[in-house]
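S.K.: Have a peek at my_file.tsv (TSV, N, CA and C atoms).
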chain	number	residue	atom	x	y	z
A	1	VAL	N	19.03	-11.74	-57.64
A	1	VAL	CA	17.73	-12.39	-57.52
A	1	VAL	C	16.65	-11.36	-57.84
A	2	PRO	N	15.79	-11.65	-58.77
A	2	PRO	CA	14.74	-10.69	-59.14
A	2	PRO	C	13.68	-10.57	-58.03
A	3	LEU	N	13.09	-9.39	-57.95
A	3	LEU	CA	12.00	-9.16	-57.01
A	3	LEU	C	10.75	-9.88	-57.49
A	4	PRO	N	9.90	-10.34	-56.58
A	4	PRO	CA	8.66	-10.99	-57.01
A	4	PRO	C	7.72	-9.97	-57.66
A	5	ASP	N	6.83	-10.46	-58.51
A	5	ASP	CA	5.86	-9.59	-59.17
A	5	ASP	C	4.84	-9.03	-58.20
A	6	ARG	N	4.55	-9.78	-57.15
A	6	ARG	CA	3.57	-9.32	-56.16
A	6	ARG	C	3.99	-9.80	-54.78
A	7	LEU	N	3.58	-9.05	-53.78
A	7	LEU	CA	3.87	-9.41	-52.40
A	7	LEU	C	2.77	-10.30	-51.85
A	8	ARG	N	3.09	-10.94	-50.76
A	8	ARG	CA	2.10	-11.79	-50.10
A	8	ARG	C	0.91	-10.93	-49.67
A	9	PRO	N	-0.32	-11.40	-49.83
A	9	PRO	CA	-1.48	-10.59	-49.43
A	9	PRO	C	-1.52	-10.40	-47.91
A	10	VAL	N	-2.00	-9.23	-47.51
A	10	VAL	CA	-2.14	-8.90	-46.10
A	10	VAL	C	-3.63	-8.83	-45.80
A	11	GLU	N	-4.03	-9.55	-44.78
A	11	GLU	CA	-5.43	-9.61	-44.36
A	11	GLU	C	-5.97	-8.20	-44.11
A	12	ALA	N	-7.17	-7.94	-44.61
A	12	ALA	CA	-7.84	-6.67	-44.35
A	12	ALA	C	-8.60	-6.79	-43.03
A	13	LEU	N	-8.34	-5.87	-42.13
A	13	LEU	CA	-9.06	-5.85	-40.84
A	13	LEU	C	-10.30	-4.99	-40.99
A	14	ASP	N	-11.42	-5.47	-40.50
A	14	ASP	CA	-12.70	-4.76	-40.60
A	14	ASP	C	-12.90	-3.90	-39.36
A	15	GLU	N	-12.69	-2.60	-39.50
A	15	GLU	CA	-12.85	-1.68	-38.38
A	15	GLU	C	-14.23	-1.75	-37.73
A	16	ALA	N	-15.24	-2.10	-38.50
A	16	ALA	CA	-16.60	-2.18	-37.97
A	16	ALA	C	-16.71	-3.28	-36.92
A	17	ARG	N	-15.77	-4.23	-36.91
A	17	ARG	CA	-15.80	-5.33	-35.93
A	17	ARG	C	-15.05	-4.99	-34.64
A	18	ALA	N	-14.51	-3.78	-34.57
A	18	ALA	CA	-13.76	-3.37	-33.37
A	18	ALA	C	-14.68	-3.33	-32.16
A	19	VAL	N	-14.20	-3.90	-31.06
A	19	VAL	CA	-14.98	-3.89	-29.82
A	19	VAL	C	-14.76	-2.60	-29.03
A	20	ARG	N	-13.71	-1.86	-29.40
A	20	ARG	CA	-13.41	-0.62	-28.67
A	20	ARG	C	-12.60	0.31	-29.56
A	21	ARG	N	-12.83	1.60	-29.36
A	21	ARG	CA	-12.00	2.64	-29.98
A	21	ARG	C	-11.36	3.41	-28.84
A	22	ARG	N	-10.07	3.68	-29.01
A	22	ARG	CA	-9.32	4.40	-27.97
A	22	ARG	C	-8.61	5.59	-28.60
A	23	ARG	N	-8.22	6.50	-27.74
A	23	ARG	CA	-7.37	7.63	-28.12
A	23	ARG	C	-6.17	7.62	-27.20
A	24	VAL	N	-4.97	7.52	-27.76
A	24	VAL	CA	-3.71	7.52	-27.01
A	24	VAL	C	-2.99	8.80	-27.39
A	25	VAL	N	-2.62	9.61	-26.38
A	25	VAL	CA	-2.08	10.94	-26.67
A	25	VAL	C	-0.65	11.08	-26.14
A	26	PHE	N	0.28	11.41	-27.06
A	26	PHE	CA	1.64	11.77	-26.69
A	26	PHE	C	1.65	13.23	-26.25
A	27	GLY	N	2.31	13.51	-25.12
A	27	GLY	CA	2.39	14.88	-24.64
A	27	GLY	C	3.60	15.09	-23.76
A	28	GLY	N	3.62	16.22	-23.09
A	28	GLY	CA	4.73	16.54	-22.20
A	28	GLY	C	4.20	17.14	-20.91
A	29	ASP	N	5.07	17.20	-19.91
A	29	ASP	CA	4.68	17.82	-18.65
A	29	ASP	C	5.44	19.13	-18.46
A	30	ASP	N	5.14	19.84	-17.40
A	30	ASP	CA	5.76	21.15	-17.18
A	30	ASP	C	7.18	21.07	-16.63
A	31	ARG	N	7.72	19.86	-16.48
A	31	ARG	CA	9.08	19.67	-15.99
A	31	ARG	C	10.03	19.15	-17.06
A	32	GLY	N	9.58	19.14	-18.31
A	32	GLY	CA	10.42	18.66	-19.40
A	32	GLY	C	10.33	17.16	-19.63
A	33	GLY	N	9.42	16.49	-18.93
A	33	GLY	CA	9.22	15.06	-19.13
A	33	GLY	C	8.21	14.79	-20.23
A	34	PHE	N	7.97	13.54	-20.49
A	34	PHE	CA	7.05	13.13	-21.53
A	34	PHE	C	5.91	12.32	-20.91
A	35	THR	N	4.74	12.36	-21.55
A	35	THR	CA	3.57	11.68	-21.02
A	35	THR	C	2.84	10.91	-22.11
A	36	LEU	N	2.06	9.94	-21.68
A	36	LEU	CA	1.05	9.27	-22.50
A	36	LEU	C	-0.27	9.46	-21.77
A	37	ASP	N	-1.22	10.02	-22.47
A	37	ASP	CA	-2.54	10.32	-21.88
A	37	ASP	C	-2.40	11.14	-20.60
A	38	GLY	N	-1.46	12.08	-20.61
A	38	GLY	CA	-1.30	13.01	-19.50
A	38	GLY	C	-0.57	12.46	-18.29
A	39	ARG	N	-0.07	11.23	-18.39
A	39	ARG	CA	0.61	10.62	-17.24
A	39	ARG	C	1.98	10.10	-17.64
A	40	ALA	N	2.91	10.20	-16.71
A	40	ALA	CA	4.24	9.60	-16.90
A	40	ALA	C	4.16	8.13	-16.52
A	41	PHE	N	5.05	7.34	-17.07
A	41	PHE	CA	5.08	5.89	-16.86
A	41	PHE	C	5.19	5.53	-15.38
A	42	ASP	N	4.40	4.52	-15.00
A	42	ASP	CA	4.47	3.92	-13.67
A	42	ASP	C	4.30	2.42	-13.87
A	43	HIS	N	5.36	1.66	-13.63
A	43	HIS	CA	5.30	0.22	-13.89
A	43	HIS	C	4.34	-0.51	-12.95
A	44	HIS	N	3.87	0.14	-11.90
A	44	HIS	CA	2.88	-0.47	-11.00
A	44	HIS	C	1.45	-0.28	-11.49
A	45	ARG	N	1.25	0.57	-12.49
A	45	ARG	CA	-0.09	0.90	-12.97
A	45	ARG	C	-0.34	0.22	-14.32
A	46	VAL	N	-1.55	-0.28	-14.52
A	46	VAL	CA	-1.98	-0.78	-15.84
A	46	VAL	C	-2.79	0.35	-16.47
A	47	ASP	N	-2.35	0.79	-17.64
A	47	ASP	CA	-2.99	1.93	-18.30
A	47	ASP	C	-4.14	1.52	-19.21
A	48	LEU	N	-4.00	0.39	-19.89
A	48	LEU	CA	-5.03	-0.08	-20.81
A	48	LEU	C	-5.29	-1.57	-20.59
A	49	HIS	N	-6.53	-1.96	-20.78
A	49	HIS	CA	-6.93	-3.38	-20.69
A	49	HIS	C	-7.55	-3.77	-22.03
A	50	ALA	N	-7.26	-4.97	-22.50
A	50	ALA	CA	-7.85	-5.51	-23.72
A	50	ALA	C	-8.07	-7.01	-23.53
A	51	ARG	N	-8.88	-7.58	-24.44
A	51	ARG	CA	-9.16	-9.01	-24.39
A	51	ARG	C	-8.60	-9.69	-25.63
A	52	LEU	N	-7.98	-10.84	-25.39
A	52	LEU	CA	-7.48	-11.66	-26.48
A	52	LEU	C	-8.64	-12.04	-27.40
A	53	GLY	N	-8.39	-12.10	-28.68
A	53	GLY	CA	-9.41	-12.48	-29.64
A	53	GLY	C	-10.28	-11.32	-30.10
A	54	THR	N	-9.96	-10.09	-29.69
A	54	THR	CA	-10.75	-8.94	-30.10
A	54	THR	C	-9.92	-8.02	-30.99
A	55	LEU	N	-10.61	-7.10	-31.64
A	55	LEU	CA	-9.99	-6.08	-32.47
A	55	LEU	C	-10.31	-4.72	-31.86
A	56	GLU	N	-9.30	-3.87	-31.75
A	56	GLU	CA	-9.51	-2.50	-31.29
A	56	GLU	C	-8.94	-1.54	-32.31
A	57	VAL	N	-9.49	-0.34	-32.36
A	57	VAL	CA	-8.99	0.73	-33.21
A	57	VAL	C	-8.52	1.85	-32.30
A	58	TRP	N	-7.26	2.23	-32.46
A	58	TRP	CA	-6.65	3.28	-31.63
A	58	TRP	C	-6.30	4.47	-32.50
A	59	GLU	N	-6.62	5.65	-32.03
A	59	GLU	CA	-6.14	6.88	-32.65
A	59	GLU	C	-4.98	7.36	-31.79
A	60	VAL	N	-3.79	7.37	-32.35
A	60	VAL	CA	-2.59	7.80	-31.64
A	60	VAL	C	-2.31	9.24	-32.07
A	61	VAL	N	-2.40	10.15	-31.10
A	61	VAL	CA	-2.33	11.58	-31.36
A	61	VAL	C	-1.06	12.15	-30.75
A	62	ASN	N	-0.40	13.04	-31.48
A	62	ASN	CA	0.81	13.68	-30.98
A	62	ASN	C	0.52	15.16	-30.70
A	63	GLU	N	0.36	15.50	-29.43
A	63	GLU	CA	0.14	16.89	-29.02
A	63	GLU	C	1.45	17.55	-28.60
A	64	HIS	N	2.55	16.91	-28.90
A	64	HIS	CA	3.87	17.41	-28.52
A	64	HIS	C	4.53	18.08	-29.72
A	65	THR	N	5.72	18.63	-29.52
A	65	THR	CA	6.40	19.41	-30.56
A	65	THR	C	7.43	18.64	-31.36
A	66	THR	N	7.63	17.35	-31.07
A	66	THR	CA	8.59	16.54	-31.82
A	66	THR	C	7.92	15.24	-32.28
A	67	ASP	N	8.54	14.61	-33.26
A	67	ASP	CA	8.05	13.31	-33.72
A	67	ASP	C	8.08	12.31	-32.56
A	68	HIS	N	7.12	11.39	-32.57
A	68	HIS	CA	7.11	10.29	-31.61
A	68	HIS	C	6.72	9.01	-32.35
A	69	PRO	N	7.67	8.11	-32.56
A	69	PRO	CA	7.34	6.82	-33.17
A	69	PRO	C	6.64	5.93	-32.14
A	70	PHE	N	5.37	5.63	-32.40
A	70	PHE	CA	4.58	4.78	-31.50
A	70	PHE	C	4.98	3.33	-31.72
A	71	HIS	N	5.27	2.61	-30.62
A	71	HIS	CA	5.68	1.21	-30.70
A	71	HIS	C	4.85	0.39	-29.73
A	72	LEU	N	4.29	-0.71	-30.22
A	72	LEU	CA	3.49	-1.62	-29.40
A	72	LEU	C	4.20	-2.96	-29.34
A	73	HIS	N	4.48	-3.43	-28.14
A	73	HIS	CA	5.10	-4.75	-27.97
A	73	HIS	C	4.04	-5.84	-28.07
A	74	SER	N	4.44	-7.00	-28.55
A	74	SER	CA	3.68	-8.26	-28.51
A	74	SER	C	2.55	-8.40	-29.53
A	75	TYR	N	1.98	-7.30	-30.01
A	75	TYR	CA	0.83	-7.37	-30.92
A	75	TYR	C	1.07	-6.47	-32.13
A	76	SER	N	1.04	-7.06	-33.32
A	76	SER	CA	1.20	-6.27	-34.54
A	76	SER	C	-0.10	-5.54	-34.84
A	77	PHE	N	0.02	-4.46	-35.61
A	77	PHE	CA	-1.15	-3.67	-35.98
A	77	PHE	C	-1.04	-3.23	-37.43
A	78	GLN	N	-2.15	-2.72	-37.94
A	78	GLN	CA	-2.17	-2.13	-39.28
A	78	GLN	C	-2.52	-0.66	-39.16
A	79	VAL	N	-1.81	0.19	-39.92
A	79	VAL	CA	-2.16	1.60	-39.99
A	79	VAL	C	-3.38	1.72	-40.89
A	80	VAL	N	-4.42	2.36	-40.38
A	80	VAL	CA	-5.67	2.53	-41.11
A	80	VAL	C	-5.70	3.90	-41.80
A	81	ALA	N	-5.23	4.93	-41.07
A	81	ALA	CA	-5.27	6.29	-41.61
A	81	ALA	C	-4.21	7.15	-40.94
A	82	ARG	N	-3.81	8.20	-41.65
A	82	ARG	CA	-2.90	9.22	-41.11
A	82	ARG	C	-3.60	10.55	-41.30
A	83	ASP	N	-3.80	11.25	-40.18
A	83	ASP	CA	-4.51	12.53	-40.21
A	83	ASP	C	-5.83	12.43	-40.98
A	84	GLY	N	-6.54	11.32	-40.78
A	84	GLY	CA	-7.84	11.12	-41.40
A	84	GLY	C	-7.81	10.63	-42.83
A	85	ARG	N	-6.64	10.55	-43.43
A	85	ARG	CA	-6.53	10.07	-44.81
A	85	ARG	C	-6.20	8.58	-44.79
A	86	PRO	N	-6.96	7.77	-45.54
A	86	PRO	CA	-6.72	6.32	-45.55
A	86	PRO	C	-5.28	5.97	-45.93
A	87	GLU	N	-4.75	4.97	-45.26
A	87	GLU	CA	-3.40	4.47	-45.57
A	87	GLU	C	-3.46	3.72	-46.90
A	88	PRO	N	-2.58	4.05	-47.86
A	88	PRO	CA	-2.69	3.45	-49.20
A	88	PRO	C	-2.22	1.99	-49.27
A	89	VAL	N	-1.35	1.56	-48.35
A	89	VAL	CA	-0.79	0.20	-48.41
A	89	VAL	C	-1.06	-0.50	-47.09
A	90	ARG	N	-1.65	-1.67	-47.17
A	90	ARG	CA	-1.92	-2.47	-45.97
A	90	ARG	C	-0.68	-3.25	-45.62
A	91	ALA	N	-0.26	-3.17	-44.33
A	91	ALA	CA	0.95	-3.88	-43.89
A	91	ALA	C	0.88	-4.10	-42.38
A	92	TRP	N	1.55	-5.14	-41.93
A	92	TRP	CA	1.68	-5.39	-40.49
A	92	TRP	C	2.85	-4.57	-39.97
A	93	ARG	N	2.65	-3.94	-38.82
A	93	ARG	CA	3.68	-3.08	-38.24
A	93	ARG	C	3.72	-3.28	-36.73
A	94	ASP	N	4.83	-2.81	-36.14
A	94	ASP	CA	4.88	-2.71	-34.68
A	94	ASP	C	5.27	-1.29	-34.27
A	95	THR	N	5.61	-0.45	-35.26
A	95	THR	CA	6.00	0.93	-35.00
A	95	THR	C	5.47	1.81	-36.13
A	96	VAL	N	5.01	3.01	-35.76
A	96	VAL	CA	4.61	3.99	-36.77
A	96	VAL	C	4.92	5.38	-36.22
A	97	ASN	N	5.49	6.24	-37.06
A	97	ASN	CA	5.81	7.59	-36.61
A	97	ASN	C	4.56	8.46	-36.58
A	98	VAL	N	4.47	9.29	-35.53
A	98	VAL	CA	3.38	10.26	-35.41
A	98	VAL	C	4.03	11.64	-35.31
A	99	PRO	N	3.93	12.46	-36.36
A	99	PRO	CA	4.59	13.76	-36.34
A	99	PRO	C	3.88	14.75	-35.41
A	100	PRO	N	4.55	15.86	-35.07
A	100	PRO	CA	3.91	16.86	-34.20
A	100	PRO	C	2.56	17.31	-34.77
A	101	GLY	N	1.55	17.32	-33.93
A	101	GLY	CA	0.22	17.73	-34.36
A	101	GLY	C	-0.51	16.70	-35.19
A	102	GLY	N	0.09	15.54	-35.39
A	102	GLY	CA	-0.50	14.51	-36.24
A	102	GLY	C	-1.28	13.47	-35.47
A	103	ALA	N	-2.00	12.66	-36.23
A	103	ALA	CA	-2.76	11.55	-35.66
A	103	ALA	C	-2.68	10.37	-36.61
A	104	VAL	N	-2.45	9.19	-36.05
A	104	VAL	CA	-2.40	7.96	-36.84
A	104	VAL	C	-3.42	7.00	-36.24
A	105	THR	N	-4.28	6.44	-37.08
A	105	THR	CA	-5.28	5.47	-36.64
A	105	THR	C	-4.78	4.08	-36.97
A	106	ILE	N	-4.78	3.20	-35.96
A	106	ILE	CA	-4.31	1.83	-36.15
A	106	ILE	C	-5.39	0.84	-35.75
A	107	ALA	N	-5.38	-0.33	-36.37
A	107	ALA	CA	-6.27	-1.44	-36.00
A	107	ALA	C	-5.39	-2.51	-35.37
A	108	VAL	N	-5.75	-2.91	-34.14
A	108	VAL	CA	-4.94	-3.86	-33.37
A	108	VAL	C	-5.76	-5.12	-33.09
A	109	PRO	N	-5.44	-6.24	-33.76
A	109	PRO	CA	-6.09	-7.50	-33.39
A	109	PRO	C	-5.26	-8.17	-32.28
A	110	PHE	N	-5.89	-8.45	-31.19
A	110	PHE	CA	-5.18	-9.08	-30.07
A	110	PHE	C	-5.22	-10.59	-30.25
A	111	ARG	N	-4.12	-11.09	-30.82
A	111	ARG	CA	-3.97	-12.52	-31.12
A	111	ARG	C	-2.72	-13.03	-30.43
A	112	GLY	N	-2.70	-14.30	-30.14
A	112	GLY	CA	-1.50	-14.90	-29.55
A	112	GLY	C	-1.69	-15.16	-28.08
A	113	GLU	N	-0.77	-14.67	-27.30
A	113	GLU	CA	-0.75	-14.95	-25.85
A	113	GLU	C	-1.26	-13.77	-25.04
A	114	PRO	N	-1.98	-14.05	-23.96
A	114	PRO	CA	-2.37	-12.97	-23.06
A	114	PRO	C	-1.19	-12.55	-22.18
A	115	GLY	N	-1.33	-11.44	-21.51
A	115	GLY	CA	-0.32	-10.99	-20.57
A	115	GLY	C	-0.11	-9.49	-20.61
A	116	ARG	N	0.80	-9.04	-19.77
A	116	ARG	CA	1.15	-7.62	-19.71
A	116	ARG	C	2.27	-7.31	-20.68
A	117	THR	N	2.15	-6.17	-21.31
A	117	THR	CA	3.16	-5.69	-22.24
A	117	THR	C	3.17	-4.18	-22.18
A	118	VAL	N	3.97	-3.55	-23.02
A	118	VAL	CA	4.05	-2.09	-23.00
A	118	VAL	C	3.86	-1.51	-24.39
A	119	TYR	N	3.52	-0.23	-24.41
A	119	TYR	CA	3.48	0.59	-25.62
A	119	TYR	C	4.17	1.89	-25.25
A	120	HIS	N	4.88	2.50	-26.22
A	120	HIS	CA	5.68	3.66	-25.86
A	120	HIS	C	6.19	4.38	-27.09
A	121	CYS	N	6.79	5.54	-26.86
A	121	CYS	CA	7.54	6.23	-27.91
A	121	CYS	C	8.82	5.43	-28.09
A	122	HIS	N	9.20	5.18	-29.33
A	122	HIS	CA	10.36	4.33	-29.59
A	122	HIS	C	11.68	5.10	-29.57
A	123	ILE	N	11.65	6.35	-29.15
A	123	ILE	CA	12.88	7.10	-28.92
A	123	ILE	C	13.23	6.85	-27.45
A	124	ALA	N	14.37	6.22	-27.21
A	124	ALA	CA	14.72	5.75	-25.87
A	124	ALA	C	14.68	6.84	-24.82
A	125	SER	N	15.16	8.03	-25.12
A	125	SER	CA	15.16	9.10	-24.10
A	125	SER	C	13.74	9.55	-23.78
A	126	HIS	N	12.82	9.51	-24.73
A	126	HIS	CA	11.43	9.88	-24.46
A	126	HIS	C	10.77	8.82	-23.58
A	127	GLU	N	11.02	7.58	-23.93
A	127	GLU	CA	10.50	6.45	-23.13
A	127	GLU	C	11.05	6.52	-21.70
A	128	ASP	N	12.34	6.79	-21.57
A	128	ASP	CA	12.97	6.87	-20.24
A	128	ASP	C	12.43	8.02	-19.41
A	129	LEU	N	11.95	9.08	-20.07
A	129	LEU	CA	11.42	10.24	-19.36
A	129	LEU	C	9.91	10.19	-19.21
A	130	GLY	N	9.30	8.99	-19.37
A	130	GLY	CA	7.90	8.81	-19.01
A	130	GLY	C	6.93	8.45	-20.10
A	131	MET	N	7.33	8.43	-21.36
A	131	MET	CA	6.40	8.22	-22.46
A	131	MET	C	6.21	6.73	-22.75
A	132	MET	N	5.63	6.02	-21.77
A	132	MET	CA	5.38	4.58	-21.90
A	132	MET	C	4.18	4.22	-21.04
A	133	GLY	N	3.42	3.22	-21.49
A	133	GLY	CA	2.27	2.73	-20.75
A	133	GLY	C	2.26	1.21	-20.71
A	134	VAL	N	1.47	0.68	-19.78
A	134	VAL	CA	1.32	-0.77	-19.61
A	134	VAL	C	-0.04	-1.20	-20.16
A	135	LEU	N	-0.03	-2.23	-20.97
A	135	LEU	CA	-1.23	-2.83	-21.54
A	135	LEU	C	-1.37	-4.24	-20.98
A	136	ASP	N	-2.55	-4.56	-20.46
A	136	ASP	CA	-2.81	-5.90	-19.93
A	136	ASP	C	-3.86	-6.56	-20.83
A	137	VAL	N	-3.48	-7.65	-21.50
A	137	VAL	CA	-4.37	-8.39	-22.38
A	137	VAL	C	-4.74	-9.69	-21.68
A	138	THR	N	-6.04	-9.86	-21.43
A	138	THR	CA	-6.51	-11.05	-20.73
A	138	THR	C	-7.08	-12.05	-21.73
A	139	GLY	N	-7.18	-13.30	-21.30
A	139	GLY	CA	-7.70	-14.36	-22.15
A	139	GLY	C	-9.16	-14.14	-22.51
A	140	PRO	N	-9.63	-14.86	-23.53
A	140	PRO	CA	-11.02	-14.68	-23.99
A	140	PRO	C	-12.04	-15.14	-22.97
Would you mind writing the structure in this file as structure tokens?
M.R.:
Amino acid sequence: VPLPDRLRPVEALDEARAVRRRRVVFGGDDRGGFTLDGRAFDHHRVDLHARLGTLEVWEVVNEHTTDHPFHLHSYSFQVVARDGRPEPVRAWRDTVNVPPGGAVTIAVPFRGEPGRTVYHCHIASHEDLGMMGVLDVTGP
């Protein structure tokens, strides 16, 4: 079967319409664990709040010494830039790798259903050792 001449168009998200900009930081603690924004995962805590029907821009920064693939449950995003350089191809994603010392900027439109979900490093052992957070998305 031949490949199509062109792919389906992907909606361009307008960063200027973002209601919030955030910085999410991958890191580690002094005990060999992993952190997000300086904290280890606690399922009783909500780390981020967002509203359905809004667009946010997140800068995901890796201050750790190994790669960390950032994964967001429930809401797809588009990579806007890597280390300040514009992303050449627009695509919907749920995971993007952030190399040591790197930063990836993503645009997240909160569409669909409200509720609690998680974001984390997609390496299971990193997630298990604390590199996960809770996101609560409320209705409009």
S.K.: Name the closest residue to Glu63 (chain A) among the candidates A:Gly27, A:Val46, A:Val89, A:Phe110; distances are taken between atoms, counting all atoms listed in the file.
M.R.: A:Gly27
S.K.: Let me have the centre and edge lengths in Å, one decimal, of the box along x, y and z around every listed atom of region 59-70 of chain A with 8 Å of margin on each side, as JSON.
M.R.:
{"center_x": 1.0, "center_y": 11.4, "center_z": -31.1, "size_x": 31.2, "size_y": 32.1, "size_z": 21.2}
S.K.: As an mmCIF file with N, CA and C atoms, in the frame of the given file, please: every residue in chain A that DSSP puts in alpha helix (DSSP H).
M.R.:
data_model
loop_
_atom_site.group_PDB
_atom_site.id
_atom_site.type_symbol
_atom_site.label_atom_id
_atom_site.label_comp_id
_atom_site.auth_asym_id
_atom_site.auth_seq_id
_atom_site.Cartn_x
_atom_site.Cartn_y
_atom_site.Cartn_z
ATOM 1 N N ALA A 124 14.370 6.220 -27.210
ATOM 2 C CA ALA A 124 14.720 5.750 -25.870
ATOM 3 C C ALA A 124 14.680 6.840 -24.820
ATOM 4 N N SER A 125 15.160 8.030 -25.120
ATOM 5 C CA SER A 125 15.160 9.100 -24.100
ATOM 6 C C SER A 125 13.740 9.550 -23.780
ATOM 7 N N HIS A 126 12.820 9.510 -24.730
ATOM 8 C CA HIS A 126 11.430 9.880 -24.460
ATOM 9 C C HIS A 126 10.770 8.820 -23.580
ATOM 10 N N GLU A 127 11.020 7.580 -23.930
ATOM 11 C CA GLU A 127 10.500 6.450 -23.130
ATOM 12 C C GLU A 127 11.050 6.520 -21.700
ATOM 13 N N ASP A 128 12.340 6.790 -21.570
ATOM 14 C CA ASP A 128 12.970 6.870 -20.240
ATOM 15 C C ASP A 128 12.430 8.020 -19.410
#
S.K.: Can you list, as a PDB file with N, CA and C atoms, in the coordinates of the input, every protein, DNA or RNA residue that comes within 8 Å of Arg21 (chain A) when you count all atoms listed in the file, leaving out same-chain residues fewer than 5 positions away?
M.R.:
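Output file selection.pdb is given in full below:
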ATOM      1  N   LEU A  55     -10.610  -7.100 -31.640  1.00  0.00           N
ATOM      2  CA  LEU A  55      -9.990  -6.080 -32.470  1.00  0.00           C
ATOM      3  C   LEU A  55     -10.310  -4.720 -31.860  1.00  0.00           C
ATOM      4  N   GLU A  56      -9.300  -3.870 -31.750  1.00  0.00           N
ATOM      5  CA  GLU A  56      -9.510  -2.500 -31.290  1.00  0.00           C
ATOM      6  C   GLU A  56      -8.940  -1.540 -32.310  1.00  0.00           C
ATOM      7  N   VAL A  57      -9.490  -0.340 -32.360  1.00  0.00           N
ATOM      8  CA  VAL A  57      -8.990   0.730 -33.210  1.00  0.00           C
ATOM      9  C   VAL A  57      -8.520   1.850 -32.300  1.00  0.00           C
ATOM     10  N   TRP A  58      -7.260   2.230 -32.460  1.00  0.00           N
ATOM     11  CA  TRP A  58      -6.650   3.280 -31.630  1.00  0.00           C
ATOM     12  C   TRP A  58      -6.300   4.470 -32.500  1.00  0.00           C
ATOM     13  N   GLU A  59      -6.620   5.650 -32.030  1.00  0.00           N
ATOM     14  CA  GLU A  59      -6.140   6.880 -32.650  1.00  0.00           C
ATOM     15  C   GLU A  59      -4.980   7.360 -31.790  1.00  0.00           C
TER      16      GLU A  59
END
S.K.: What does the structure give for the distance between atom N of Arg6 (chain A) and atom C of Glu87 (chain A), in Å to one decimal?
M.R.: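 So the answer is 18.7 Å.
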S.K.: Assign secondary structure with DSSP using the backbone only, and return the residues of region 29-125 of chain A in strand (DSSP E) as an NGL selection string.
M.R.: :A and (34-36 or 48-51 or 55-62 or 68-72 or 78-82 or 85-86 or 95-98 or 103-109 or 115-121)
S.K.: Show me a table, sorted first by chain and then by increasing residue number, of the residues of region 36-140 of chain A having an atom at most 12 Å from region 12-18 of chain A, each with its shortest atom pair and the distance in Å to one decimal, counting only C-alpha atoms and written as CSV.
M.R.:
residue,atom,partner,partner_atom,distance
A:Ala50,CA,A:Ala18,CA,11.5
A:Arg51,CA,A:Ala18,CA,11.6
A:Gly53,CA,A:Ala18,CA,10.8
A:Thr54,CA,A:Ala18,CA,7.1
A:Leu55,CA,A:Ala18,CA,4.7
A:Glu56,CA,A:Ala18,CA,4.8
A:Val57,CA,A:Ala18,CA,6.3
A:Trp58,CA,A:Ala18,CA,9.9
A:Phe77,CA,A:Leu13,CA,9.5
A:Gln78,CA,A:Leu13,CA,8.0
A:Val79,CA,A:Leu13,CA,10.2
A:Val80,CA,A:Glu15,CA,8.8
A:Ala81,CA,A:Glu15,CA,11.5
A:Val89,CA,A:Ala12,CA,10.6
A:Arg90,CA,A:Ala12,CA,7.4
A:Ala91,CA,A:Ala12,CA,9.2
A:Trp92,CA,A:Ala12,CA,10.4
A:Thr105,CA,A:Glu15,CA,10.6
A:Ile106,CA,A:Glu15,CA,9.5
A:Ala107,CA,A:Glu15,CA,7.0
A:Val108,CA,A:Leu13,CA,8.8
A:Pro109,CA,A:Leu13,CA,8.2
A:Phe110,CA,A:Ala18,CA,10.8
S.K.: What lies within 7 Å of Gly139 (chain A) using only C-alpha atoms, ignoring chain neighbours under 2 positions off, as a compact mmCIF listing (two decimals) with N, CA and C atoms, keeping the file's coordinate frame?
M.R.:
# COMPACT_ATOMS: atom_id res chain seq x y z
N ARG A 51 -8.88 -7.58 -24.44
CA ARG A 51 -9.16 -9.01 -24.39
C ARG A 51 -8.60 -9.69 -25.63
N LEU A 52 -7.98 -10.84 -25.39
CA LEU A 52 -7.48 -11.66 -26.48
C LEU A 52 -8.64 -12.04 -27.40
N PRO A 114 -1.98 -14.05 -23.96
CA PRO A 114 -2.37 -12.97 -23.06
C PRO A 114 -1.19 -12.55 -22.18
N VAL A 137 -3.48 -7.65 -21.50
CA VAL A 137 -4.37 -8.39 -22.38
C VAL A 137 -4.74 -9.69 -21.68
S.K.: What is the CA of Pro9 (chain A)-CA of Thr117 (chain A) distance in Å, reported with one decimal?
M.R.: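 Computing it gives 28.0 Å between the two atoms.
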S.K.: Skip Phe26 (chain A) itself and residues of its chain fewer than 3 positions away, then list as a list of chain:residue names all residues within 8 Å of it, counting only C-alpha atoms.
M.R.: A:Phe34, A:Thr35, A:Leu36, A:Asp37, A:Gly38, A:Val60, A:Val61, A:Asn62, A:Glu63, A:His64, A:His68, A:Met131
S.K.: Between CA of Ser125 (chain A) and atom N of Glu113 (chain A), what is the distance, to one decimal in Å?
M.R.: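 We find that CA of Ser125 (chain A) and atom N of Glu113 (chain A) lie 28.8 Å from each other.
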S.K.: Taking (4.0, -2.5, -21.0) in the coordinates of the supplied file, I want to know which residues reach to within 5 Å of it, counting only N, CA and C atoms; could you give the answer as a PyMOL selection string?
M.R.: chain A and resi 117-119+133-135
S.K.: Find the residue from A:Leu129, A:Thr95, A:Asp136, A:Gly101 that sits nearest to Gly32 (chain A); use only N, CA and C atoms when measuring.
M.R.: A:Leu129
